[in-house]
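Asks: If it helps, the file is called entry18.pdb and holds PDB, C-alpha atoms:
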ATOM      1  CA  MET T   5       4.099  21.339  -7.095
ATOM      2  CA  SER T   6       2.382  18.153  -8.246
ATOM      3  CA  SER T   7      -1.355  17.731  -8.625
ATOM      4  CA  ILE T   8      -3.332  14.511  -8.934
ATOM      5  CA  THR T   9      -6.558  13.776 -10.770
ATOM      6  CA  VAL T  10      -8.223  10.398 -10.198
ATOM      7  CA  THR T  11     -10.864   8.913 -12.494
ATOM      8  CA  LYS T  12     -12.829   5.684 -12.256
ATOM      9  CA  VAL T  13     -12.395   3.757 -15.508
ATOM     10  CA  ALA T  14     -14.019   0.337 -14.927
ATOM     11  CA  GLU T  15     -16.173  -1.805 -12.631
ATOM     12  CA  ALA T  16     -17.059  -5.501 -12.766
ATOM     13  CA  ASP T  17     -17.967  -8.568 -10.713
ATOM     14  CA  PHE T  18     -14.993 -10.260  -9.061
ATOM     15  CA  PRO T  19     -15.668 -13.596  -7.340
ATOM     16  CA  SER T  20     -12.733 -14.775  -5.226
ATOM     17  CA  ARG T  21     -11.935 -17.369  -2.566
ATOM     18  CA  TRP T  22     -12.504 -14.661   0.070
ATOM     19  CA  GLY T  23     -15.929 -13.628  -1.193
ATOM     20  CA  HIS T  24     -17.818 -12.113  -4.124
ATOM     21  CA  PHE T  25     -16.319  -8.668  -4.668
ATOM     22  CA  ARG T  26     -16.820  -5.858  -7.129
ATOM     23  CA  VAL T  27     -13.573  -4.724  -8.749
ATOM     24  CA  HIS T  28     -13.185  -1.014  -9.499
ATOM     25  CA  GLY T  29     -10.360   0.343 -11.650
ATOM     26  CA  PHE T  30      -9.024   3.857 -11.066
ATOM     27  CA  GLU T  31      -6.465   5.895 -12.965
ATOM     28  CA  GLY T  32      -4.475   8.675 -11.351
ATOM     29  CA  VAL T  33      -2.785  11.311 -13.480
ATOM     30  CA  ILE T  34       0.009  13.080 -11.613
ATOM     31  CA  THR T  35       1.199  16.324 -13.199
ATOM     32  CA  GLN T  36       4.698  17.523 -12.337
ATOM     33  CA  PRO T  37       5.402  14.550 -10.038
ATOM     34  CA  GLU T  38       8.264  14.962  -7.582
ATOM     35  CA  PRO T  39      11.194  12.700  -8.596
ATOM     36  CA  CYS T  40      11.747   9.778  -6.246
ATOM     37  CA  ARG T  41      15.479  10.021  -6.854
ATOM     38  CA  PRO T  42      16.707  13.552  -6.123
ATOM     39  CA  GLY T  43      18.518  14.972  -9.115
ATOM     40  CA  ASP T  44      16.472  13.085 -11.711
ATOM     41  CA  PRO T  45      14.926  15.357 -14.359
ATOM     42  CA  PRO T  46      11.337  16.343 -13.564
ATOM     43  CA  ALA T  47       8.570  14.650 -15.538
ATOM     44  CA  ALA T  48       5.581  16.481 -16.980
ATOM     45  CA  ARG T  49       3.153  13.755 -15.922
ATOM     46  CA  ARG T  50       2.876  10.191 -14.664
ATOM     47  CA  VAL T  51      -0.080   7.826 -14.884
ATOM     48  CA  GLU T  52      -0.617   5.387 -12.034
ATOM     49  CA  GLY T  53      -3.399   2.844 -11.677
ATOM     50  CA  CYS T  54      -5.019   1.344  -8.615
ATOM     51  CA  VAL T  55      -7.686  -1.306  -8.121
ATOM     52  CA  ALA T  56     -10.291  -1.405  -5.374
ATOM     53  CA  LEU T  57     -11.828  -4.750  -4.423
ATOM     54  CA  VAL T  58     -15.119  -3.954  -2.694
ATOM     55  CA  LEU T  59     -17.162  -6.429  -0.655
ATOM     56  CA  GLY T  60     -20.591  -5.882   0.842
ATOM     57  CA  ASP T  61     -22.110  -2.697   2.232
ATOM     58  CA  ILE T  62     -19.278  -0.192   2.687
ATOM     59  CA  HIS T  63     -21.545   2.727   3.634
ATOM     60  CA  ALA T  64     -23.462   1.486   6.696
ATOM     61  CA  ALA T  65     -20.397   2.003   8.897
ATOM     62  CA  PRO T  66     -16.702   2.811   8.362
ATOM     63  CA  PRO T  67     -15.449  -0.224   6.426
ATOM     64  CA  VAL T  68     -12.300  -2.252   6.960
ATOM     65  CA  VAL T  69      -9.763  -0.998   4.401
ATOM     66  CA  ARG T  70      -6.313  -2.175   3.361
ATOM     67  CA  ILE T  71      -4.080  -0.089   1.061
ATOM     68  CA  HIS T  72      -1.698  -2.666  -0.387
ATOM     69  CA  SER T  73       1.291  -1.675  -2.504
ATOM     70  CA  GLN T  74       2.068  -3.912  -5.477
ATOM     71  CA  CYS T  75       4.755  -6.519  -4.719
ATOM     72  CA  LEU T  76       5.368  -8.895  -7.618
ATOM     73  CA  THR T  77       8.067 -10.790  -5.750
ATOM     74  CA  GLY T  78       5.961 -11.352  -2.651
ATOM     75  CA  ASP T  79       2.362 -11.365  -3.844
ATOM     76  CA  VAL T  80       2.985 -13.514  -6.933
ATOM     77  CA  PHE T  81       6.279 -15.358  -6.397
ATOM     78  CA  GLY T  82       5.953 -15.947  -2.641
ATOM     79  CA  SER T  83       9.194 -14.189  -1.680
ATOM     80  CA  LEU T  84      10.495 -14.818   1.835
ATOM     81  CA  ARG T  85      12.252 -11.421   1.862
ATOM     82  CA  CYS T  86       9.106  -9.524   2.875
ATOM     83  CA  ASP T  87       5.699  -9.847   4.537
ATOM     84  CA  CYS T  88       3.647  -8.501   1.615
ATOM     85  CA  ARG T  89       1.783 -11.652   0.579
ATOM     86  CA  GLN T  90       0.985 -12.528   4.197
ATOM     87  CA  GLN T  91      -0.399  -9.033   4.773
ATOM     88  CA  PHE T  92      -2.457  -9.247   1.577
ATOM     89  CA  GLU T  93      -4.001 -12.550   2.650
ATOM     90  CA  LEU T  94      -4.553 -11.309   6.213
ATOM     91  CA  ALA T  95      -6.467  -8.312   4.863
ATOM     92  CA  MET T  96      -8.552 -10.290   2.391
ATOM     93  CA  GLN T  97      -9.430 -12.830   5.077
ATOM     94  CA  ARG T  98     -10.440 -10.059   7.507
ATOM     95  CA  ILE T  99     -12.626  -8.375   4.881
ATOM     96  CA  GLY T 100     -14.190 -11.713   3.952
ATOM     97  CA  ASP T 101     -14.867 -12.591   7.603
ATOM     98  CA  GLU T 102     -16.542  -9.213   8.218
ATOM     99  CA  GLY T 103     -18.586  -9.458   5.025
ATOM    100  CA  ALA T 104     -17.715  -5.915   4.008
ATOM    101  CA  GLY T 105     -14.593  -3.917   3.237
ATOM    102  CA  ILE T 106     -12.200  -2.641   0.617
ATOM    103  CA  LEU T 107      -8.751  -3.682  -0.499
ATOM    104  CA  ILE T 108      -6.982  -1.052  -2.602
ATOM    105  CA  TYR T 109      -4.107  -2.485  -4.627
ATOM    106  CA  GLU T 110      -1.878   0.331  -5.805
ATOM    107  CA  GLN T 111       0.772   0.367  -8.511
ATOM    108  CA  GLN T 112       3.793   1.299  -6.368
ATOM    109  CA  GLU T 113       6.267  -1.585  -6.604
ATOM    110  CA  GLY T 114       9.225  -1.483  -4.248
ATOM    111  CA  ARG T 115       7.836   1.402  -2.174
ATOM    112  CA  GLY T 116       7.517   3.367  -5.391
ATOM    113  CA  ILE T 117      10.981   2.851  -6.924
ATOM    114  CA  GLY T 118       9.830   0.282  -9.501
ATOM    115  CA  LEU T 119      10.578  -3.390 -10.096
ATOM    116  CA  MET T 120      14.035  -3.158 -11.680
ATOM    117  CA  ALA T 121      15.305  -0.751  -9.032
ATOM    118  CA  LYS T 122      13.857  -3.042  -6.381
ATOM    119  CA  LEU T 123      15.841  -5.966  -7.794
ATOM    120  CA  ARG T 124      18.989  -3.822  -7.743
ATOM    121  CA  ALA T 125      18.190  -3.094  -4.101
ATOM    122  CA  TYR T 126      17.972  -6.851  -3.510
ATOM    123  CA  GLU T 127      21.534  -7.160  -4.856
ATOM    124  CA  LEU T 128      22.712  -4.605  -2.310
ATOM    125  CA  GLN T 129      20.824  -6.391   0.451
ATOM    126  CA  ASP T 130      22.680  -9.578  -0.494
ATOM    127  CA  MET T 131      25.875  -7.614   0.257
ATOM    128  CA  GLY T 132      24.669  -6.746   3.745
ATOM    129  CA  LEU T 133      22.612  -3.560   3.411
ATOM    130  CA  ASP T 134      19.109  -3.420   4.824
ATOM    131  CA  THR T 135      16.099  -2.397   2.746
ATOM    132  CA  VAL T 136      16.320   1.303   3.663
ATOM    133  CA  GLN T 137      20.083   1.497   3.181
ATOM    134  CA  ALA T 138      19.767  -0.167  -0.236
ATOM    135  CA  ASN T 139      17.216   2.381  -1.470
ATOM    136  CA  LEU T 140      19.382   5.253  -0.246
ATOM    137  CA  GLU T 141      22.515   3.756  -1.818
ATOM    138  CA  LEU T 142      20.698   3.718  -5.178
ATOM    139  CA  GLY T 143      19.870   7.392  -4.725
ATOM    140  CA  TYR T 144      16.189   6.932  -3.865
ATOM    141  CA  LYS T 145      14.256   7.982  -0.812
ATOM    142  CA  ALA T 146      13.567   5.270   1.745
ATOM    143  CA  ASP T 147       9.899   5.343   0.683
ATOM    144  CA  CYS T 148       8.726   7.021  -2.529
ATOM    145  CA  ARG T 149       5.042   6.162  -2.231
ATOM    146  CA  ILE T 150       2.214   8.657  -2.195
ATOM    147  CA  PHE T 151      -1.232   7.752  -0.887
ATOM    148  CA  GLU T 152      -3.341  10.523  -2.369
ATOM    149  CA  ILE T 153      -4.615   8.292  -5.185
ATOM    150  CA  PRO T 154      -6.093   5.679  -2.769
ATOM    151  CA  ALA T 155      -7.626   8.512  -0.718
ATOM    152  CA  LYS T 156      -9.299   9.970  -3.794
ATOM    153  CA  ALA T 157     -10.437   6.502  -4.904
ATOM    154  CA  LEU T 158     -12.121   6.037  -1.506
ATOM    155  CA  LYS T 159     -13.914   9.347  -1.933
ATOM    156  CA  LEU T 160     -15.128   8.287  -5.392
ATOM    157  CA  LEU T 161     -16.522   5.171  -3.701
ATOM    158  CA  GLY T 162     -18.373   7.414  -1.243
ATOM    159  CA  VAL T 163     -16.213   6.426   1.738
ATOM    160  CA  HIS T 164     -14.944   9.153   4.083
ATOM    161  CA  ALA T 165     -14.099   7.176   7.242
ATOM    162  CA  VAL T 166     -12.292   3.824   7.503
ATOM    163  CA  ARG T 167     -10.920   1.174   9.812
ATOM    164  CA  LEU T 168      -7.448   0.848   8.321
ATOM    165  CA  ILE T 169      -5.396  -2.348   8.322
ATOM    166  CA  THR T 170      -1.813  -1.085   8.532
ATOM    167  CA  ASN T 171       1.391  -0.891  10.533
ATOM    168  CA  ASN T 172       2.488   2.241   8.671
ATOM    169  CA  PRO T 173       1.724   5.564  10.412
ATOM    170  CA  GLU T 174       2.407   7.428   7.138
ATOM    171  CA  LYS T 175      -0.646   5.792   5.551
ATOM    172  CA  ILE T 176      -2.814   6.989   8.410
ATOM    173  CA  ALA T 177      -1.412  10.520   8.190
ATOM    174  CA  ALA T 178      -1.808  10.636   4.398
ATOM    175  CA  LEU T 179      -5.447   9.531   4.475
ATOM    176  CA  GLU T 180      -6.259  12.028   7.232
ATOM    177  CA  GLU T 181      -4.471  14.787   5.281
ATOM    178  CA  HIS T 182      -6.606  14.054   2.227
ATOM    179  CA  GLY T 183      -9.933  13.983   4.041
ATOM    180  CA  ILE T 184     -10.369  10.304   4.975
ATOM    181  CA  ARG T 185     -10.894   9.825   8.718
ATOM    182  CA  VAL T 186      -9.180   6.768  10.216
ATOM    183  CA  VAL T 187     -11.416   5.755  13.114
ATOM    184  CA  GLU T 188      -9.455   2.593  13.910
ATOM    185  CA  ARG T 189      -6.042   1.146  13.103
ATOM    186  CA  ILE T 190      -6.107  -2.631  12.758
ATOM    187  CA  SER T 191      -2.714  -4.294  13.080
ATOM    188  CA  ALA T 192      -1.227  -5.857   9.951
ATOM    189  CA  LYS T 193       1.437  -7.668  11.959
ATOM    190  CA  VAL T 194       2.267 -11.117  10.622
ATOM    191  CA  PRO T 195       4.884 -13.637  11.797
ATOM    192  CA  PRO T 196       8.155 -13.451   9.807
ATOM    193  CA  ALA T 197       8.360 -16.238   7.247
ATOM    194  CA  SER T 198      12.184 -16.390   7.286
ATOM    195  CA  PRO T 199      15.276 -14.762   8.860
ATOM    196  CA  LEU T 200      15.359 -12.398   5.858
ATOM    197  CA  ALA T 201      11.775 -11.349   6.507
ATOM    198  CA  GLU T 202      12.530 -10.926  10.213
ATOM    199  CA  ARG T 203      15.333  -8.478   9.407
ATOM    200  CA  TYR T 204      13.032  -6.686   6.957
ATOM    201  CA  LEU T 205      10.381  -6.239   9.660
ATOM    202  CA  GLU T 206      12.961  -5.059  12.196
ATOM    203  CA  THR T 207      14.146  -2.422   9.703
ATOM    204  CA  LYS T 208      10.605  -1.188   9.075
ATOM    205  CA  GLN T 209      10.056  -0.825  12.811
ATOM    206  CA  ALA T 210      13.428   0.730  13.711
ATOM    207  CA  GLN T 211      13.995   3.006  10.703
ATOM    208  CA  MET T 212      10.533   3.688   9.282
ATOM    209  CA  GLY T 213       8.491   3.870  12.477
ATOM    210  CA  HIS T 214       6.122   1.025  11.655
ATOM    211  CA  LEU T 215       3.817   0.013  14.476
ATOM    212  CA  PHE T 216       3.766  -3.583  15.664
ATOM    213  CA  THR T 217       1.141  -3.151  18.351
ATOM    214  CA  GLU T 218      -2.477  -4.218  18.491
ATOM    215  CA  ALA T 219      -5.438  -2.315  17.020
ATOM    216  CA  GLN T 220      -6.043   1.279  18.050
ATOM    217  CA  THR T 221      -9.199   3.391  17.873
ATOM    218  CA  GLU T 222      -9.803   7.131  18.056
TER
END
Rewrite the coordinates I just gave you, this time as structure tokens.
Replies:
Amino acid sequence: MSSITVTKVAEADFPSRWGHFRVHGFEGVITQPEPCRPGDPPAARRVEGCVALVLGDIHAAPPVVRIHSQCLTGDVFGSLRCDCRQQFELAMQRIGDEGAGILIYEQQEGRGIGLMAKLRAYELQDMGLDTVQANLELGYKADCRIFEIPAKALKLLGVHAVRLITNNPEKIAALEEHGIRVVERISAKVPPASPLAERYLETKQAQMGHLFTEAQTE
């Protein structure tokens, strides 16, 4: 059974176009991590980083929080295959508008399968498979991410209740399981940027249970 230790390793000023943040760097050490691809040999340990961008007073009330998984193709290259960059900008704008909040950017490219495997999945999608089918065809789970590291990072920041920007019920369940109370779910729904992105969103809703409804509170 895996265990995870999270340590804060850095903190600095981080001015951005959405506001003047503090950037916190965290390192998670996972011992005996479960393989994402069943049948792969077990690893003794894995190191995974995450960054928390913190704006304003996050302790006066449960802050707005977004847990955003790394997406090089979307966040950096502006891919029209997914909604990742739009969700990132939606979250940063919401945090900036409220004057307080946290964006956690975690190192889990391609729902945890890694960049090269994600590109191989793109090849399969070009042949007609959807994003879930492509992961399964490569031998991976549909979603290999774990959210314990962001939960522990929030605790290190002194945050134990959040208003979470997400469409993913698994993120809510994972935070609750690890002691972070989700007092409100704020929708991360964005309009599809292309027919490819529309199919991607339909797959997340139909096969992964993502929620495309408005905000919900306890």
Asks: Evaluate the PyMOL selection byres ((chain T and resi 67) around 8) against this structure - the residues, as a PyMOL selection string, please.
Replies: chain T and resi 62-63+65-66+68-69+104-106+165-167
Asks: Could you name the residues that touch region 36-39 of chain T at 7 Å or less, counting all atoms listed in the file, but leaving out those on the same chain fewer than 5 positions away, as a count of residues only?
Replies: 8
Asks: Residues of region 14-93 of chain T that have any atom at most 12 Å from an atom of region 121-140 of chain T: could you tabulate them with the shortest-distance atom pair and the distance in Å to one decimal, using all atoms listed in the file, ordered by chain and increasing number, as JSON lines?
Replies:
{"residue": "T:Cys40", "atom": "CA", "partner": "T:Asn139", "partner_atom": "CA", "distance": 10.4}
{"residue": "T:Arg41", "atom": "CA", "partner": "T:Leu140", "partner_atom": "CA", "distance": 9.0}
{"residue": "T:Pro42", "atom": "CA", "partner": "T:Leu140", "partner_atom": "CA", "distance": 10.5}
{"residue": "T:Gln74", "atom": "CA", "partner": "T:Lys122", "partner_atom": "CA", "distance": 11.9}
{"residue": "T:Cys75", "atom": "CA", "partner": "T:Lys122", "partner_atom": "CA", "distance": 9.9}
{"residue": "T:Leu76", "atom": "CA", "partner": "T:Lys122", "partner_atom": "CA", "distance": 10.4}
{"residue": "T:Thr77", "atom": "CA", "partner": "T:Leu123", "partner_atom": "CA", "distance": 9.4}
{"residue": "T:Ser83", "atom": "CA", "partner": "T:Tyr126", "partner_atom": "CA", "distance": 11.6}
{"residue": "T:Arg85", "atom": "CA", "partner": "T:Tyr126", "partner_atom": "CA", "distance": 9.1}
{"residue": "T:Cys86", "atom": "CA", "partner": "T:Thr135", "partner_atom": "CA", "distance": 10.0}
Asks: For C-alpha atoms, I'd like the residues from the last selection saved as a PDB file, in the frame of the given file.
Replies:
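Contents of again-v4.pdb, as written:
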ATOM      1  CA  CYS T  40      11.747   9.778  -6.246  1.00  0.00           C
ATOM      2  CA  ARG T  41      15.479  10.021  -6.854  1.00  0.00           C
ATOM      3  CA  PRO T  42      16.707  13.552  -6.123  1.00  0.00           C
ATOM      4  CA  GLN T  74       2.068  -3.912  -5.477  1.00  0.00           C
ATOM      5  CA  CYS T  75       4.755  -6.519  -4.719  1.00  0.00           C
ATOM      6  CA  LEU T  76       5.368  -8.895  -7.618  1.00  0.00           C
ATOM      7  CA  THR T  77       8.067 -10.790  -5.750  1.00  0.00           C
ATOM      8  CA  SER T  83       9.194 -14.189  -1.680  1.00  0.00           C
ATOM      9  CA  ARG T  85      12.252 -11.421   1.862  1.00  0.00           C
ATOM     10  CA  CYS T  86       9.106  -9.524   2.875  1.00  0.00           C
TER      11      CYS T  86
END
Asks: I'd like the interatomic distance between CA of Ile190 (chain T) and CA of Phe18 (chain T), to a tenth of an Å.
Replies: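 According to the coordinates, CA of Ile190 (chain T) and CA of Phe18 (chain T) are separated by 24.8 Å.
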Asks: Considering all atoms listed in the file, can you say which of T:Ala177, T:Val13, T:Gly118, T:Thr170 comes closest to Cys88 (chain T)?
Replies: T:Thr170
Asks: So the first atom is CA of Gly53 (chain T) and the second is CA of Ile34 (chain T); what is the distance between them in Å, to one decimal place?
Replies: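 Computed distance, CA of Gly53 (chain T) to CA of Ile34 (chain T), equals 10.8 Å.
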